[in-house]
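S.K.: Got protein02.cif for you, mmCIF, C-alpha atoms and all ligand atoms:
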```cif
data_final
#
loop_
_atom_site.label_atom_id
_atom_site.label_comp_id
_atom_site.auth_asym_id
_atom_site.auth_seq_id
_atom_site.Cartn_x
_atom_site.Cartn_y
_atom_site.Cartn_z
CA MET A 1 123.74 76.07 64.26
CA ILE A 2 120.44 75.38 62.52
CA PRO A 3 119.88 71.60 62.46
CA PHE A 4 117.82 70.08 59.66
CA LEU A 5 115.36 68.81 62.29
CA SER A 6 115.74 68.73 66.07
CA LEU A 7 113.33 66.10 67.42
CA LYS A 8 114.30 67.14 70.93
CA ASP A 9 112.98 70.64 70.25
CA VAL A 10 109.87 69.28 68.50
CA THR A 11 109.00 67.09 71.51
CA ALA A 12 109.73 69.94 73.93
CA LEU A 13 107.00 72.07 72.26
CA HIS A 14 104.37 69.91 73.99
CA GLY A 15 106.76 68.23 76.45
CA ALA A 16 104.75 68.40 79.67
CA GLU A 17 101.60 66.94 78.12
CA ILE A 18 103.55 64.22 76.33
CA GLU A 19 105.34 63.22 79.52
CA ALA A 20 102.07 63.17 81.46
CA ALA A 21 100.53 60.89 78.80
CA VAL A 22 103.51 58.52 78.91
CA GLN A 23 103.40 58.43 82.70
CA ARG A 24 99.66 57.68 82.65
CA VAL A 25 100.27 54.60 80.48
CA VAL A 26 103.31 53.48 82.46
CA ARG A 27 101.26 53.58 85.65
CA SER A 28 98.18 51.97 84.10
CA GLY A 29 99.71 48.52 83.72
CA TRP A 30 98.07 48.17 80.26
CA TYR A 31 100.48 48.43 77.32
CA LEU A 32 98.86 46.98 74.21
CA GLN A 33 95.39 46.94 72.64
CA GLY A 34 93.75 49.12 75.24
CA GLN A 35 91.94 52.41 75.75
CA GLU A 36 94.78 54.57 74.43
CA ASN A 37 94.66 52.86 71.03
CA ALA A 38 90.88 52.98 70.93
CA ALA A 39 90.85 56.71 71.77
CA PHE A 40 93.56 57.64 69.28
CA GLU A 41 92.01 55.57 66.50
CA GLN A 42 88.67 57.28 67.06
CA HIS A 43 90.17 60.78 67.16
CA TYR A 44 92.37 60.19 64.13
CA ALA A 45 89.49 58.77 62.07
CA GLU A 46 87.41 61.84 63.00
CA TYR A 47 90.26 64.16 62.07
CA ILE A 48 90.97 62.49 58.72
CA GLY A 49 87.28 62.05 57.98
CA THR A 50 86.97 58.28 57.58
CA ARG A 51 84.74 55.76 59.32
CA HIS A 52 87.65 53.55 60.37
CA CYS A 53 91.20 53.88 61.63
CA VAL A 54 93.36 50.89 62.53
CA GLY A 55 96.65 51.49 64.33
CA CYS A 56 99.65 49.38 63.37
CA ALA A 57 103.40 49.14 63.95
CA ASN A 58 104.68 51.59 61.31
CA GLY A 59 103.87 53.28 58.01
CA LEU A 60 105.40 50.57 55.84
CA ASP A 61 103.23 47.94 57.52
CA ALA A 62 100.14 50.15 57.10
CA LEU A 63 100.71 50.13 53.33
CA ILE A 64 101.61 46.42 53.30
CA TRP A 65 98.37 45.58 55.15
CA ILE A 66 96.20 47.56 52.73
CA PHE A 67 97.45 45.61 49.69
CA ARG A 68 97.51 42.31 51.60
CA ALA A 69 93.90 42.89 52.76
CA TYR A 70 92.82 43.57 49.18
CA ILE A 71 94.43 40.26 48.20
CA GLU A 72 92.73 38.40 51.08
CA LEU A 73 89.40 39.97 50.08
CA GLY A 74 89.87 38.82 46.47
CA VAL A 75 90.10 42.34 45.05
CA MET A 76 93.71 41.87 43.89
CA ALA A 77 95.99 38.90 43.25
CA PRO A 78 99.78 38.52 43.13
CA GLY A 79 101.01 39.56 39.69
CA ASP A 80 98.56 42.46 39.45
CA GLU A 81 99.97 45.90 38.74
CA VAL A 82 99.97 49.04 40.86
CA ILE A 83 100.75 52.50 39.45
CA VAL A 84 103.19 54.35 41.71
CA PRO A 85 105.14 57.62 41.47
CA ALA A 86 108.71 56.79 40.42
CA ASN A 87 110.23 59.38 42.79
CA THR A 88 108.59 58.20 46.03
CA TYR A 89 110.35 56.91 49.13
CA ILE A 90 111.05 53.20 48.66
CA ALA A 91 108.48 52.12 51.30
CA THR A 92 105.63 52.67 48.82
CA LEU A 93 107.23 50.20 46.41
CA LEU A 94 108.17 47.74 49.16
CA ALA A 95 104.51 47.52 50.21
CA ILE A 96 103.63 46.57 46.63
CA THR A 97 106.45 44.09 45.99
CA GLU A 98 106.13 42.52 49.47
CA ASN A 99 102.67 41.36 48.34
CA GLY A 100 103.84 39.94 45.00
CA LEU A 101 102.23 42.87 43.19
CA VAL A 102 104.07 44.62 40.37
CA PRO A 103 104.94 48.31 40.68
CA VAL A 104 104.51 50.42 37.55
CA PRO A 105 106.56 53.58 38.16
CA VAL A 106 105.18 56.77 36.61
CA GLU A 107 107.16 59.99 36.32
CA PRO A 108 106.43 63.07 38.44
CA ARG A 109 105.90 66.56 37.05
CA TRP A 110 109.04 68.66 37.38
CA LYS A 111 107.05 71.67 38.59
CA THR A 112 105.05 69.93 41.33
CA LEU A 113 107.30 66.94 42.17
CA GLU A 114 104.10 64.85 42.33
CA ILE A 115 102.94 62.06 40.00
CA ASP A 116 102.13 63.34 36.48
CA ASP A 117 98.42 62.58 36.13
CA ALA A 118 98.71 62.93 32.35
CA ALA A 119 101.16 60.00 32.24
CA ILE A 120 99.06 57.49 34.18
CA GLU A 121 96.51 56.32 31.63
CA ALA A 122 99.12 55.13 29.11
CA ARG A 123 100.54 52.77 31.76
CA ILE A 124 97.25 51.02 32.54
CA THR A 125 96.94 47.38 31.42
CA PRO A 126 94.28 44.71 32.08
CA ARG A 127 96.35 43.73 35.16
CA THR A 128 96.30 47.20 36.74
CA LYS A 129 94.35 47.13 40.01
CA ALA A 130 95.36 50.25 41.90
CA VAL A 131 97.03 53.63 41.95
CA ALA A 132 99.31 54.27 44.93
CA LEU A 133 99.04 58.03 45.35
CA VAL A 134 101.85 59.53 47.43
CA HIS A 135 101.39 63.03 48.85
CA LEU A 136 105.14 63.49 48.72
CA TYR A 137 106.80 66.26 50.74
CA GLY A 138 103.41 67.14 52.29
CA ARG A 139 101.85 68.29 48.99
CA CYS A 140 98.40 67.08 47.99
CA ALA A 141 98.97 64.90 44.92
CA TYR A 142 95.30 64.19 44.20
CA THR A 143 93.68 65.64 41.07
CA GLU A 144 90.19 65.25 39.57
CA ARG A 145 91.86 63.49 36.66
CA ILE A 146 93.31 60.81 38.95
CA GLY A 147 89.89 60.27 40.52
CA ALA A 148 88.31 59.97 37.07
CA ILE A 149 90.94 57.47 35.85
CA CYS A 150 90.41 55.25 38.92
CA LYS A 151 86.66 55.33 38.35
CA LYS A 152 86.93 54.64 34.61
CA TYR A 153 89.20 51.60 35.03
CA GLY A 154 87.82 50.36 38.37
CA LEU A 155 91.12 50.92 40.19
CA LYS A 156 91.55 51.22 43.94
CA LEU A 157 93.06 54.52 45.00
CA VAL A 158 95.50 53.86 47.85
CA GLU A 159 96.96 56.97 49.45
CA ASP A 160 100.41 57.01 51.00
CA ASN A 161 99.83 59.74 53.56
CA ALA A 162 103.10 59.22 55.44
CA GLN A 163 104.25 62.78 54.69
CA ALA A 164 100.98 64.71 54.63
CA HIS A 165 99.05 64.56 57.94
CA GLY A 166 96.52 67.37 57.87
CA CYS A 167 96.95 68.20 54.19
CA LYS A 168 93.72 69.09 52.37
CA TYR A 169 92.60 68.89 48.77
CA ALA A 170 91.09 72.00 47.16
CA ASP A 171 87.56 70.86 48.07
CA GLY A 172 88.45 70.61 51.76
CA ARG A 173 88.77 66.82 52.01
CA VAL A 174 91.70 65.75 54.17
CA THR A 175 94.30 63.54 52.50
CA GLY A 176 93.83 60.01 53.79
CA SER A 177 90.08 60.26 53.20
CA ILE A 178 90.14 60.86 49.44
CA GLY A 179 91.00 57.36 48.20
CA ASP A 180 89.68 53.90 49.11
CA ALA A 181 92.29 53.46 51.84
CA ALA A 182 95.33 55.30 53.18
CA GLY A 183 98.53 54.33 54.97
CA HIS A 184 99.91 56.76 57.56
CA SER A 185 103.33 56.77 59.23
CA PHE A 186 104.02 58.18 62.69
CA TYR A 187 107.80 57.88 62.39
CA PRO A 188 109.22 60.53 64.76
CA GLY A 189 110.21 63.00 62.03
CA LYS A 190 106.81 63.02 60.31
CA ASN A 191 104.31 65.88 60.79
CA LEU A 192 102.45 63.69 63.28
CA GLY A 193 105.32 61.78 64.86
CA ALA A 194 105.46 59.34 67.76
CA LEU A 195 108.41 58.71 70.10
CA GLY A 196 109.24 55.58 68.14
CA ASP A 197 107.57 53.68 65.32
CA GLY A 198 103.85 53.83 64.61
CA GLY A 199 101.39 53.73 61.72
CA ALA A 200 97.72 53.53 60.82
CA VAL A 201 95.29 52.66 58.05
CA THR A 202 92.25 54.84 57.44
CA THR A 203 89.31 53.79 55.26
CA ASP A 204 85.52 53.92 54.97
CA ASP A 205 85.45 50.23 53.97
CA PRO A 206 84.47 48.08 56.99
CA ASP A 207 85.70 44.82 55.39
CA LEU A 208 89.08 46.31 54.59
CA ALA A 209 89.39 47.75 58.12
CA ALA A 210 88.52 44.39 59.69
CA ALA A 211 91.00 42.52 57.49
CA VAL A 212 93.78 45.02 58.28
CA ARG A 213 93.03 44.80 62.00
CA ALA A 214 93.25 41.02 61.87
CA LEU A 215 96.40 40.93 59.71
CA ALA A 216 98.22 43.27 62.10
CA ASN A 217 97.24 41.03 65.02
CA TYR A 218 98.54 37.60 63.90
CA GLY A 219 95.68 37.27 61.41
CA SER A 220 93.20 36.90 64.23
CA GLN A 221 89.84 38.56 64.79
CA LYS A 222 88.88 36.30 67.67
CA LYS A 223 91.33 35.23 70.35
CA TYR A 224 93.21 32.03 69.35
CA VAL A 225 91.31 31.77 66.06
CA PHE A 226 93.48 32.58 63.03
CA GLN A 227 91.87 33.58 59.76
CA TYR A 228 95.01 34.82 57.97
CA THR A 229 98.74 34.20 58.30
CA GLY A 230 99.27 37.64 59.79
CA ARG A 231 102.04 39.18 61.84
CA ASN A 232 102.45 41.08 65.04
CA SER A 233 102.23 44.69 63.87
CA ARG A 234 100.44 46.67 66.55
CA LEU A 235 100.61 50.26 67.76
CA ASP A 236 101.50 50.25 71.46
CA GLU A 237 99.63 52.18 74.15
CA ILE A 238 102.45 54.61 74.93
CA GLN A 239 102.75 55.67 71.29
CA ALA A 240 98.97 55.97 70.94
CA ALA A 241 98.82 58.20 74.04
CA VAL A 242 101.65 60.40 72.70
CA LEU A 243 99.99 60.63 69.28
CA ASP A 244 96.67 61.60 70.84
CA VAL A 245 98.38 64.58 72.49
CA LYS A 246 100.25 65.59 69.32
CA LEU A 247 97.14 65.25 67.15
CA ARG A 248 95.60 68.12 69.12
CA TYR A 249 98.45 70.37 67.99
CA LEU A 250 98.78 69.14 64.42
CA GLU A 251 96.89 72.05 62.82
CA GLN A 252 98.92 74.55 64.84
CA ASP A 253 102.22 72.81 64.03
CA ASN A 254 101.34 72.64 60.33
CA ALA A 255 100.41 76.36 60.36
CA HIS A 256 103.89 77.08 61.70
CA ARG A 257 105.44 75.02 58.88
CA GLN A 258 103.34 77.03 56.41
CA GLN A 259 104.62 80.29 57.89
CA ILE A 260 108.24 79.16 57.49
CA ALA A 261 107.51 77.98 53.95
CA ALA A 262 105.87 81.32 53.06
CA TYR A 263 109.02 83.07 54.22
CA TYR A 264 111.16 80.80 52.02
CA TYR A 265 108.88 81.37 49.00
CA ASP A 266 108.90 85.14 49.48
CA HIS A 267 112.64 85.53 50.06
CA ILE A 268 114.69 82.80 48.39
CA ASP A 269 116.20 84.36 45.32
CA HIS A 270 119.07 82.60 43.58
CA PRO A 271 119.49 81.85 39.86
CA LEU A 272 120.40 78.19 40.52
CA VAL A 273 117.67 77.46 43.07
CA THR A 274 114.16 76.58 41.85
CA LEU A 275 111.23 76.21 44.21
CA PRO A 276 108.38 73.83 43.35
CA GLU A 277 105.07 75.37 42.30
CA ARG A 278 103.47 77.05 45.30
CA LEU A 279 100.19 75.55 46.49
CA PRO A 280 97.58 77.38 48.59
CA ASP A 281 98.26 76.54 52.24
CA PRO A 282 95.81 73.78 53.10
CA GLN A 283 97.10 71.79 50.11
CA ASN A 284 100.67 71.69 51.44
CA VAL A 285 101.65 70.88 55.02
CA TYR A 286 105.38 71.10 54.20
CA HIS A 287 106.64 67.87 55.70
CA LEU A 288 109.78 68.87 53.83
CA PHE A 289 110.84 71.98 51.93
CA PRO A 290 112.46 70.66 48.76
CA VAL A 291 114.30 72.93 46.34
CA LEU A 292 115.95 72.00 43.05
CA VAL A 293 119.53 73.11 42.47
CA GLY A 294 120.68 73.39 38.86
CA ASP A 295 124.06 73.24 37.07
CA GLY A 296 125.20 70.19 39.04
CA LYS A 297 125.59 72.44 42.10
CA ARG A 298 123.30 70.61 44.53
CA ASP A 299 126.09 68.99 46.52
CA SER A 300 128.08 72.23 46.68
CA LEU A 301 125.05 74.07 48.08
CA HIS A 302 124.64 71.28 50.64
CA ASN A 303 128.31 71.64 51.66
CA PHE A 304 128.18 75.45 51.62
CA LEU A 305 125.20 75.43 54.01
CA GLU A 306 126.79 72.77 56.19
CA GLN A 307 129.88 74.96 56.59
CA SER A 308 127.53 77.73 57.72
CA GLY A 309 126.04 75.40 60.34
CA ILE A 310 122.81 74.77 58.42
CA GLY A 311 121.64 71.16 58.04
CA THR A 312 120.05 70.01 54.78
CA VAL A 313 119.08 66.52 53.55
CA ILE A 314 118.55 64.99 50.09
CA HIS A 315 115.15 63.34 49.52
CA TYR A 316 116.06 61.04 47.83
CA PRO A 317 119.53 60.55 46.31
CA ILE A 318 118.77 57.21 44.55
CA PRO A 319 115.29 56.52 43.14
CA PRO A 320 113.74 53.09 43.84
CA HIS A 321 114.27 51.73 40.30
CA ARG A 322 118.01 52.39 40.68
CA GLN A 323 118.29 50.52 43.99
CA GLU A 324 120.20 47.26 44.16
CA CYS A 325 117.22 45.46 45.72
CA TYR A 326 115.21 46.03 42.52
CA ALA A 327 118.04 45.49 40.03
CA LYS A 328 116.74 42.11 38.83
CA GLU A 329 112.99 42.77 38.83
CA ARG A 330 111.04 42.05 35.65
CA TRP A 331 109.32 45.45 35.74
CA ASN A 332 112.67 47.21 36.01
CA THR A 333 113.88 46.62 32.46
CA PRO A 334 117.05 48.26 31.10
CA GLN A 335 114.75 50.16 28.72
CA LEU A 336 112.88 51.78 31.62
CA ARG A 337 113.54 55.51 31.24
CA LEU A 338 112.65 57.85 34.08
CA PRO A 339 114.62 61.03 33.28
CA VAL A 340 112.51 63.42 35.40
CA THR A 341 112.85 61.17 38.45
CA GLU A 342 116.59 60.78 37.92
CA ARG A 343 117.15 64.51 37.47
CA MET A 344 115.15 65.16 40.63
CA ALA A 345 117.39 62.75 42.55
CA ASP A 346 120.41 64.75 41.28
CA GLU A 347 119.01 68.21 42.05
CA GLU A 348 116.78 67.92 45.15
CA LEU A 349 117.84 69.41 48.47
CA SER A 350 115.54 69.82 51.50
CA LEU A 351 115.95 72.98 53.62
CA PRO A 352 115.22 72.98 57.36
CA ILE A 353 111.50 73.16 58.22
CA GLY A 354 109.41 72.00 61.16
CA PRO A 355 107.29 73.12 64.08
CA ALA A 356 110.33 74.10 66.18
CA ILE A 357 112.37 76.19 63.74
CA THR A 358 111.99 79.97 64.18
CA LEU A 359 111.44 82.70 61.59
CA GLU A 360 114.83 84.14 62.57
CA GLU A 361 116.43 80.80 61.72
CA ALA A 362 114.53 80.68 58.42
CA ALA A 363 115.83 84.19 57.67
CA GLU A 364 119.37 82.96 58.32
CA VAL A 365 118.82 80.01 55.95
CA VAL A 366 117.55 82.38 53.23
CA LYS A 367 120.51 84.73 53.70
CA ARG A 368 122.97 81.89 53.26
CA VAL A 369 121.16 80.36 50.28
CA ASN A 370 120.96 83.72 48.51
CA THR A 371 124.70 84.36 48.96
CA PHE A 372 125.68 80.91 47.57
C1 LIG A 401 108.06 57.45 56.10
C2 LIG A 401 107.41 56.94 54.87
C3 LIG A 401 106.85 55.67 54.79
C4 LIG A 401 107.08 54.59 55.82
O1 LIG A 401 106.80 54.91 57.10
P1 LIG A 401 107.56 54.15 58.32
O2 LIG A 401 106.70 54.50 59.48
O3 LIG A 401 108.93 54.74 58.39
O4 LIG A 401 107.56 52.71 58.02
C5 LIG A 401 106.12 55.33 53.68
N1 LIG A 401 105.98 56.18 52.64
C6 LIG A 401 106.54 57.41 52.65
C7 LIG A 401 106.33 58.31 51.48
C8 LIG A 401 107.28 57.83 53.75
O5 LIG A 401 107.85 59.04 53.75
#
```
Kindly transcribe the structure held in the file into structure tokens.
Ligand SMILES: *Cc1c(COP(=O)(O)O)cnc(C)c1O

M.R.:
Amino acid sequence: MIPFLSLKDVTALHGAEIEAAVQRVVRSGWYLQGQENAAFEQHYAEYIGTRHCVGCANGLDALIWIFRAYIELGVMAPGDEVIVPANTYIATLLAITENGLVPVPVEPRWKTLEIDDAAIEARITPRTKAVALVHLYGRCAYTERIGAICKKYGLKLVEDNAQAHGCKYADGRVTGSIGDAAGHSFYPGKNLGALGDGGAVTTDDPDLAAAVRALANYGSQKKYVFQYTGRNSRLDEIQAAVLDVKLRYLEQDNAHRQQIAAYYYDHIDHPLVTLPERLPDPQNVYHLFPVLVGDGKRDSLHNFLEQSGIGTVIHYPIPPHRQECYAKERWNTPQLRLPVTERMADEELSLPIGPAITLEEAAEVVKRVNTF
């Protein structure tokens, strides 16, 4: 049996240190807004390369708080438009629509699975205020062209770094430090995962960081004084302590993912299975290993592997614009055509990858895929 992802095995890799960290917090008697958060925020900001890091309850909230803070600071207003990759996980769109902003979905490139930077400029209107750049699957989605477009039109570049902890652009900058602000998720299955929910915002902008910190703490900067109508969206001390341990192993864990991915790239050989364009290692931390399966055979490959005891998952079977929750939105007109996104949803299949899977298991996966 080769599971798609065994969180039990992932935790066991650094089990003793994680358990010691949890025990330290349990025995401390201090469970929220304490030293563990302060330490993790400092270490994570240093690692990403930003001046500020603000912990919050989860990755969706991190993204919600970035857009909400820009609204509170007068940079954006409800009704403004945000460019977003059409094939992202729905959380990126929810963060936009939650704030009364309007998502403008842009197609990905078939070869890279990331937003097509050549398709962005045509979608910009006087209401466009930001580009939500998603480093989907762990691949760096930033390009010089995207940076230039944001500069030319005065757009905020908001990174969704939920799937790309430790990923680096070609010039060495770590994703999460490239744009004006970034949302990070520490959902257990992510490259940097907690033992529950967790998230963070990184930015160099002190005003944005302060607004996010207040919004995630009832809208308060000073005890019992409320500047915004915020919510309770804090990272707890146990999760911060666990994340601080796992952050120390992130580079090592990502290197292992890259080794597994290299094996897949070098050995998968099947006429129906296409691998996305290969990036040099620091630019892909392989949160997932997506392949595209042609001829309408994606589901049969999934079943074939399942019968062999190999777990695979589809990311994602229904794109956001085809979801019921967005069926009646003004931006989601019947004329909206996103053929690349829709074909991706029909052909994508993610093979097992992670810090705990072995090369022998990867070899078994390849053997089965190649005999499909
Ligand atoms: C996981 C994820 C999120 C949301 O993170 P949560 O911590 O689960 O709320 C946002 N965007 C993308 C691309 C994700 O994969």

S.K.: Could you produce a table of the residues of chain A lying within 9 Å of ligand LIG 401 (chain A), with the nearest pair of atoms per residue and their separation in Å rounded to one decimal, using all atoms listed in the file, ordered by chain and increasing residue number, as JSON lines?

M.R.:
```
{"residue": "A:Ala57", "atom": "CA", "partner": "A:LIG401", "partner_atom": "O2", "distance": 7.7}
{"residue": "A:Asn58", "atom": "CA", "partner": "A:LIG401", "partner_atom": "O2", "distance": 4.0}
{"residue": "A:Gly59", "atom": "CA", "partner": "A:LIG401", "partner_atom": "O2", "distance": 3.4}
{"residue": "A:Leu60", "atom": "CA", "partner": "A:LIG401", "partner_atom": "O4", "distance": 3.7}
{"residue": "A:Asp61", "atom": "CA", "partner": "A:LIG401", "partner_atom": "O4", "distance": 6.5}
{"residue": "A:Ala62", "atom": "CA", "partner": "A:LIG401", "partner_atom": "O4", "distance": 7.9}
{"residue": "A:Leu63", "atom": "CA", "partner": "A:LIG401", "partner_atom": "C5", "distance": 7.5}
{"residue": "A:Thr88", "atom": "CA", "partner": "A:LIG401", "partner_atom": "C7", "distance": 5.9}
{"residue": "A:Tyr89", "atom": "CA", "partner": "A:LIG401", "partner_atom": "C7", "distance": 4.9}
{"residue": "A:Ile90", "atom": "CA", "partner": "A:LIG401", "partner_atom": "N1", "distance": 7.1}
{"residue": "A:Ala91", "atom": "CA", "partner": "A:LIG401", "partner_atom": "C5", "distance": 4.6}
{"residue": "A:Thr92", "atom": "CA", "partner": "A:LIG401", "partner_atom": "N1", "distance": 5.2}
{"residue": "A:Leu93", "atom": "CA", "partner": "A:LIG401", "partner_atom": "N1", "distance": 8.7}
{"residue": "A:Ala95", "atom": "CA", "partner": "A:LIG401", "partner_atom": "C5", "distance": 8.7}
{"residue": "A:Val134", "atom": "CA", "partner": "A:LIG401", "partner_atom": "C7", "distance": 6.2}
{"residue": "A:His135", "atom": "CA", "partner": "A:LIG401", "partner_atom": "C7", "distance": 7.3}
{"residue": "A:Leu136", "atom": "CA", "partner": "A:LIG401", "partner_atom": "C7", "distance": 6.0}
{"residue": "A:Tyr137", "atom": "CA", "partner": "A:LIG401", "partner_atom": "O5", "distance": 7.9}
{"residue": "A:Asp160", "atom": "CA", "partner": "A:LIG401", "partner_atom": "N1", "distance": 5.9}
{"residue": "A:Asn161", "atom": "CA", "partner": "A:LIG401", "partner_atom": "C7", "distance": 7.0}
{"residue": "A:Ala162", "atom": "CA", "partner": "A:LIG401", "partner_atom": "C8", "distance": 4.7}
{"residue": "A:Gln163", "atom": "CA", "partner": "A:LIG401", "partner_atom": "O5", "distance": 5.3}
{"residue": "A:Ala164", "atom": "CA", "partner": "A:LIG401", "partner_atom": "C7", "distance": 8.9}
{"residue": "A:Gly183", "atom": "CA", "partner": "A:LIG401", "partner_atom": "C5", "distance": 7.8}
{"residue": "A:His184", "atom": "CA", "partner": "A:LIG401", "partner_atom": "O1", "distance": 7.1}
{"residue": "A:Ser185", "atom": "CA", "partner": "A:LIG401", "partner_atom": "O2", "distance": 4.1}
{"residue": "A:Phe186", "atom": "CA", "partner": "A:LIG401", "partner_atom": "O2", "distance": 5.6}
{"residue": "A:Tyr187", "atom": "CA", "partner": "A:LIG401", "partner_atom": "O2", "distance": 4.6}
{"residue": "A:Pro188", "atom": "CA", "partner": "A:LIG401", "partner_atom": "O2", "distance": 8.4}
{"residue": "A:Gly189", "atom": "CA", "partner": "A:LIG401", "partner_atom": "C1", "distance": 8.4}
{"residue": "A:Lys190", "atom": "CA", "partner": "A:LIG401", "partner_atom": "C1", "distance": 7.1}
{"residue": "A:Asp197", "atom": "CA", "partner": "A:LIG401", "partner_atom": "O2", "distance": 6.0}
{"residue": "A:Gly198", "atom": "CA", "partner": "A:LIG401", "partner_atom": "O2", "distance": 5.9}
{"residue": "A:Gly199", "atom": "CA", "partner": "A:LIG401", "partner_atom": "O2", "distance": 5.8}
```

S.K.: I need the residue nearest Ala241 of chain A from this list: A:Ile149, A:Pro339, A:Ala194, A:Leu133. Use only C-alpha atoms for the distance.

M.R.: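 Nearest candidate to Ala241 of chain A out of A:Ile149, A:Pro339, A:Ala194, A:Leu133: A:Ala194.
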
S.K.: Which one of A:Leu305, A:Asp346, A:Val369, A:Asp207 sits closest to Pro3 of chain A if you count only C-alpha atoms?

M.R.: A:Leu305

S.K.: Identify, on the basis of all atoms listed in the file, every residue whose closest approach to Trp110 of chain A does not exceed 8 Å; exclude the query and any residue fewer than 6 positions from it along the same chain; express the result as an NGL selection string.

M.R.: :A and (276 or 340 or 344)

S.K.: Could you give me, as a PyMOL selection string, the residues that sit within 9 Å of (92.9, 56.9, 66.9) in the file's coordinates, counting only C-alpha atoms?

M.R.: chain A and resi 36-46+53-55+200+240+243-244

S.K.: In Å, with one decimal, what is the gap from atom CA of Asp180 of chain A to atom CA of Asp204 of chain A?

M.R.: 7.2 Å

S.K.: Considering all atoms listed in the file, return as an NGL selection string whatever protein or nucleic-acid residues lie within 7 Å of segment 4-9 of chain A, sequence-local ones (same chain, fewer than 3 positions apart) excluded.

M.R.: :A and (12-13 or 189 or 310-312 or 351-352 or 354 or 356)

S.K.: Measuring atom to atom with all atoms listed in the file, identify which of A:Val366, A:Ala148, A:Ile238, A:Leu157 is nearest to Asp266 of chain A.

M.R.: A:Val366

S.K.: Please, which residues are within 8 Å of (120.1, 65.6, 53.4) by the file's coordinates, counting all atoms listed in the file, and could they come as a PyMOL selection string?

M.R.: chain A and resi 302+311-315+349-350

S.K.: Using only C-alpha atoms, please write the residues we just selected to a file, as a compact mmCIF listing (two decimals), keeping the file's coordinate frame.

M.R.:
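For reference, result20.txt as written:
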```txt
# COMPACT_ATOMS: atom_id res chain seq x y z
CA HIS A 302 124.64 71.28 50.64
CA GLY A 311 121.64 71.16 58.04
CA THR A 312 120.05 70.01 54.78
CA VAL A 313 119.08 66.52 53.55
CA ILE A 314 118.55 64.99 50.09
CA HIS A 315 115.15 63.34 49.52
CA LEU A 349 117.84 69.41 48.47
CA SER A 350 115.54 69.82 51.50
```

S.K.: Using all atoms listed in the file, find the one residue out of A:Leu272, A:Ala261, A:Leu279, A:Ala210 that sits nearest to Lys111 of chain A.

M.R.: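 Ranked by minimum distance to Lys111 of chain A, first place goes to A:Leu279.
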